Amino acid sequence: MNITMIGSGYVGLVSGACFADFGHKVTCVDSDANKIARLLNGEIPIFEPGLDELVATNRRQQRLFFTTDLEPAVRNADAIFIAVGTPSRRGDGHADLSFVYSVATTIAESLQGFTVIVNKSTVPVGTGDEVERIIREIRPDADFEVVSNPEFLREGAAIEDFKRPDRVVIGTDDPRAREVMAEIYRPLNLNQPPLYFVGRRTSELTKYAANAFLATKITFINEIADLCEKVGADVQEVARGIGLDKRIGGKFLHAGPGYGGSCFPKDTLALLKTGQDNSAPLRIVETVVAVNDARKRAMARKVINALGGSVRGKKIALLGLAFKPNTDDMRDAPSLAIVASLAGDGADVHAYDPESMEQARPLMPEVTFHDDVYSTLESADALVIVTEWDAFRALDLERVKTLLKAPVIVDLRNVYRPADVRKRGFTYVSVGRV
Ligand SMILES: NC(=O)c1ccc[n+]([C@@H]2O[C@H](COP(=O)([O-])OP(=O)(O)OC[C@H]3O[C@@H](n4cnc5c(N)ncnc54)[C@H](O)[C@@H]3O)[C@@H](O)[C@H]2O)c1
């Protein structure tokens, strides 16, 4: 199959490289000329484990191409995937669909032969209808079908998720489009994930419902963590106790500083807007959004309390800035709110993250960045673990103690066992454990 991927970001680049690895010929297009130049130069503009090797192999084997030139890539495609961003629209939280619609307008002119146009971006119900209308208006003669195929990969484990998905949701009622989509995903048959064919609107809503449900799970365990602290229970043990129940499942039950990232915050807001617009308010999700917002600020207060009620003039060492480990993505990372609160209260914030500092720098001008863990800790009044990178799980605690001015650890990801750390003479504050 000839596949064109429009948008070569976290989703487009990973999906494009994986489709190429399946044996398809894939052209990844992006309007960001600098991104394409870097890719042509063999550089990977994002951090995603294994992606550099996957891209290099498929480029060498002449199955993966990069360009800013949309027209020829559209003309020759059997399927065109739209994988551009759908951020929150300022003001009302609705998904900003301007990038998606601009792609629809641009590709319409160049369509040739039967083409399946696949929306991989996360888009509200009805977006497929609108993409179809836009293209039809410009090219009444064109032979095309618009399909919804939301992406469920997780940054940091994106290649594995793409190649071994729990399911592939495909929204179309058209038999020809169904055949093309089945052929594109045929190499997955070996792993037997279900290709789950549904209507286009159902597919669009499935993605939002999945993200809202996962965000709810995280928020639920975070509130249980607060209760654990009050009543002397351990949230990790509670989470395991409920997670072993197959009806609940153990994933997404890690108490922490609240969900962030490029998807959950904007997708929960967009779903709320869809609910409001259709007179079907989603009160559970409304509460989840509000609780999660408050949580990020509460985490800064946790640090302030650990330091006796004030951080003015105190040096705080943050380990981890990305919204989760194994990514450099800083979009809506909890660290942003935590840094803003601490710096706003007069703290001198120092930080280290293995991958996200390039992205973090312009977002946190008040922070001093370091090249390694231990130089970040020198003379700090407290160490705060914000993202659970593996590298932070096995710190040399004796060295940490000699470097810190005061032996205080605030562990917002529960990576250490309280007894182990306290035994070494630290004041240790974590989430939902006493
Ligand atoms: N990042 C994730 O983990 C994830 C997971 C599942 C779904 N999604 C969804 O996938 C979509 C893309 O997300 P992302 O994280 O890859 O975004 P991203 O910002 O990393 O990438 C989007 C890319 O699209 C390019 N672009 C924008 N307009 C363009 C145009 N007209 N022509 C060509 N290129 C254009 C941008 O330059 C950018 O490189 C979003 O809807 C997101 O919600 C993301």
# chains A, B, ... in the order shown; residues from 1 in each chain; ligands from 1
>>> closest_atom_pairs(of="chain A", to="ligand 1", cutoff="8 Å", atoms="only C-alpha atoms and all ligand atoms", output="CSV")
residue,atom,partner,partner_atom_place_in_ligand_line,distance
A:Ile6,CA,ligand 1,33 (C),5.0
A:Gly7,CA,ligand 1,24 (O),3.4
A:Ser8,CA,ligand 1,39 (O),4.7
A:Gly9,CA,ligand 1,21 (O),3.3
A:Tyr10,CA,ligand 1,16 (O),3.7
A:Val11,CA,ligand 1,16 (O),3.7
A:Gly12,CA,ligand 1,16 (O),5.5
A:Leu13,CA,ligand 1,16 (O),7.5
A:Val29,CA,ligand 1,33 (C),5.7
A:Asp30,CA,ligand 1,34 (N),3.6
A:Ser31,CA,ligand 1,33 (C),4.1
A:Asp32,CA,ligand 1,37 (O),4.7
A:Lys35,CA,ligand 1,39 (O),7.0
A:Thr68,CA,ligand 1,33 (C),7.4
A:Leu70,CA,ligand 1,32 (N),7.8
A:Ala83,CA,ligand 1,12 (C),4.9
A:Val84,CA,ligand 1,24 (O),3.7
A:Gly85,CA,ligand 1,12 (C),4.1
A:Thr86,CA,ligand 1,41 (O),4.3
A:Pro87,CA,ligand 1,43 (O),7.1
A:Phe99,CA,ligand 1,28 (N),4.9
A:Val100,CA,ligand 1,31 (N),7.1
A:Ser102,CA,ligand 1,31 (N),5.7
A:Val103,CA,ligand 1,31 (N),4.8
A:Thr106,CA,ligand 1,31 (N),7.8
A:Lys120,CA,ligand 1,10 (O),6.2
A:Ser121,CA,ligand 1,41 (O),3.5
A:Thr122,CA,ligand 1,41 (O),3.9
A:Val123,CA,ligand 1,41 (O),6.4
A:Pro150,CA,ligand 1,7 (C),6.7
A:Glu151,CA,ligand 1,6 (C),4.6
A:Phe152,CA,ligand 1,6 (C),4.9
A:Leu153,CA,ligand 1,5 (C),5.2
A:Arg154,CA,ligand 1,3 (O),5.0
A:Glu155,CA,ligand 1,3 (O),4.7
A:Ala158,CA,ligand 1,3 (O),7.7
A:Gly261,CA,ligand 1,3 (O),7.8
A:Ser262,CA,ligand 1,1 (N),5.6
A:Cys263,CA,ligand 1,43 (O),5.3
A:Lys266,CA,ligand 1,43 (O),7.9
A:Asp267,CA,ligand 1,43 (O),7.2
>>> select_by_dssp(residues="segment 163-291 of chain A", states="strand (DSSP E)", output="MDAnalysis selection string")
chainID A and resid 168:171 195:198
>>> closest_residue(among="A:Leu397, A:Leu214, A:Ala347, A:Ile44", to="Gly425 of chain A", atoms="only C-alpha atoms")
A:Leu397
>>> atom_distance(atom1="atom CA of Leu307 of chain A", atom2="atom CA of Arg422 of chain A")
16.2 Å
>>> residues_around(residues="Val410 of chain A", least_positions_apart="5", cutoff="7 Å", atoms="only C-alpha atoms", output="ChimeraX atom specification")
/A:303,383-385,428-430
>>> closest_residue(among="A:Ala406, A:Ala391, A:Val285, A:Met364", to="Ile316 of chain A", atoms="only C-alpha atoms")
A:Ala406
>>> atom_distance(atom1="atom CA of Gly199 of chain A", atom2="atom CA of Phe81 of chain A")
17.7 Å
>>> residues_around(residues="Lys296 of chain A", least_positions_apart="4", cutoff="9 Å", atoms="only C-alpha atoms", output="compact mmCIF listing (two decimals) with N, CA, C and O atoms, in the first residue's frame")
# COMPACT_ATOMS: atom_id res chain seq x y z
N PRO A 257 0.99 13.09 41.02
CA PRO A 257 0.69 14.52 41.00
C PRO A 257 -0.44 14.92 40.03
O PRO A 257 -0.59 16.09 39.73
N GLY A 258 -1.18 13.95 39.54
CA GLY A 258 -2.28 14.28 38.60
C GLY A 258 -1.86 13.98 37.18
O GLY A 258 -0.68 13.96 36.85
N TYR A 259 -2.85 13.72 36.33
CA TYR A 259 -2.51 13.40 34.93
C TYR A 259 -2.14 14.67 34.18
O TYR A 259 -2.58 15.77 34.52
N ASN A 292 -8.41 17.14 39.13
CA ASN A 292 -7.03 17.04 38.63
C ASN A 292 -6.34 18.40 38.60
O ASN A 292 -5.16 18.50 38.91
N ALA A 300 2.31 21.15 45.02
CA ALA A 300 3.26 22.20 45.42
C ALA A 300 3.11 22.47 46.91
O ALA A 300 4.09 22.64 47.63
N PRO A 334 2.56 18.00 34.90
CA PRO A 334 2.30 18.53 36.26
C PRO A 334 3.45 19.41 36.76
O PRO A 334 3.25 20.32 37.55
N SER A 335 4.68 19.13 36.28
CA SER A 335 5.83 19.93 36.74
C SER A 335 5.63 21.42 36.45
O SER A 335 6.13 22.27 37.19
N LEU A 336 4.89 21.75 35.41
CA LEU A 336 4.69 23.17 35.06
C LEU A 336 3.98 23.90 36.19
O LEU A 336 4.39 24.99 36.61
N ALA A 337 2.89 23.29 36.68
CA ALA A 337 2.13 23.93 37.76
C ALA A 337 2.92 23.92 39.07
O ALA A 337 2.89 24.89 39.83
N ILE A 338 3.66 22.84 39.30
CA ILE A 338 4.44 22.73 40.54
C ILE A 338 5.54 23.79 40.56
O ILE A 338 5.73 24.51 41.55
>>> closest_residue(among="A:Thr57, A:Thr268, A:Asn305, A:Thr427", to="Gly93 of chain A", atoms="only C-alpha atoms")
A:Thr268
>>> residues_around(residues="Val235 of chain A", least_positions_apart="4", cutoff="10 Å", atoms="only C-alpha atoms", output="short mmCIF file (atom, residue, chain, number, x, y, z; two decimals) with N, CA, C and O atoms, in the first residue's frame")
data_model
loop_
_atom_site.label_atom_id
_atom_site.label_comp_id
_atom_site.auth_asym_id
_atom_site.auth_seq_id
_atom_site.Cartn_x
_atom_site.Cartn_y
_atom_site.Cartn_z
N ILE A 221 -7.89 7.24 42.09
CA ILE A 221 -6.88 6.73 43.04
C ILE A 221 -6.17 7.90 43.72
O ILE A 221 -5.73 7.78 44.87
N ASN A 222 -6.08 9.05 43.05
CA ASN A 222 -5.46 10.21 43.70
C ASN A 222 -6.31 10.68 44.89
O ASN A 222 -5.76 11.05 45.93
N GLU A 223 -7.61 10.66 44.72
CA GLU A 223 -8.45 11.06 45.86
C GLU A 223 -8.38 10.01 46.98
O GLU A 223 -8.38 10.36 48.17
N ILE A 224 -8.33 8.75 46.59
CA ILE A 224 -8.17 7.70 47.61
C ILE A 224 -6.84 7.89 48.35
O ILE A 224 -6.74 7.67 49.56
N ALA A 225 -5.81 8.35 47.61
CA ALA A 225 -4.50 8.60 48.24
C ALA A 225 -4.63 9.66 49.33
O ALA A 225 -4.05 9.52 50.41
N ASP A 226 -5.39 10.71 49.03
CA ASP A 226 -5.58 11.77 50.05
C ASP A 226 -6.24 11.18 51.30
O ASP A 226 -5.86 11.49 52.42
N LEU A 227 -7.23 10.32 51.06
CA LEU A 227 -7.92 9.71 52.20
C LEU A 227 -6.97 8.79 52.97
O LEU A 227 -6.97 8.77 54.21
N CYS A 228 -6.13 8.06 52.25
CA CYS A 228 -5.15 7.18 52.90
C CYS A 228 -4.27 7.97 53.86
O CYS A 228 -3.99 7.53 54.97
N GLU A 229 -3.85 9.15 53.40
CA GLU A 229 -2.97 9.97 54.26
C GLU A 229 -3.70 10.36 55.55
O GLU A 229 -3.10 10.42 56.61
N ALA A 239 -4.44 0.12 46.00
CA ALA A 239 -4.51 0.02 44.54
C ALA A 239 -4.32 -1.43 44.10
O ALA A 239 -5.02 -1.93 43.22
N ARG A 240 -3.37 -2.09 44.73
CA ARG A 240 -3.13 -3.49 44.36
C ARG A 240 -4.32 -4.35 44.78
O ARG A 240 -4.76 -5.23 44.05
N GLY A 241 -4.84 -4.03 45.94
CA GLY A 241 -5.99 -4.79 46.45
C GLY A 241 -7.20 -4.68 45.54
O GLY A 241 -7.94 -5.65 45.37
N LEU A 253 -3.67 3.00 38.17
CA LEU A 253 -4.05 3.17 39.57
C LEU A 253 -2.82 3.58 40.39
O LEU A 253 -2.65 3.14 41.52
N HIS A 254 -1.95 4.40 39.78
CA HIS A 254 -0.78 4.88 40.53
C HIS A 254 -1.04 6.30 40.99
O HIS A 254 -1.19 7.21 40.16
N ALA A 255 -1.10 6.46 42.29
CA ALA A 255 -1.33 7.80 42.82
C ALA A 255 -0.12 8.68 42.50
O ALA A 255 1.01 8.21 42.48
N ASN A 414 5.98 7.98 44.42
CA ASN A 414 6.09 6.77 45.26
C ASN A 414 7.10 5.77 44.71
O ASN A 414 6.82 4.57 44.64
N VAL A 431 3.08 10.01 48.44
CA VAL A 431 1.67 10.26 48.11
C VAL A 431 0.82 9.10 48.61
O VAL A 431 0.97 7.97 48.15
N GLY A 432 -0.05 9.37 49.55
CA GLY A 432 -1.01 8.36 49.99
C GLY A 432 -0.41 7.27 50.85
O GLY A 432 -0.99 6.19 50.97
N ARG A 433 0.76 7.55 51.42
CA ARG A 433 1.36 6.55 52.33
C ARG A 433 1.88 7.32 53.55
O ARG A 433 2.34 8.43 53.43
N VAL A 434 1.81 6.69 54.70
CA VAL A 434 2.30 7.43 55.89
C VAL A 434 3.59 6.80 56.38
O VAL A 434 3.95 5.71 55.98
#
>>> atom_distance(atom1="atom CA of Arg139 of chain A", atom2="atom CA of Gly113 of chain A")
12.3 Å
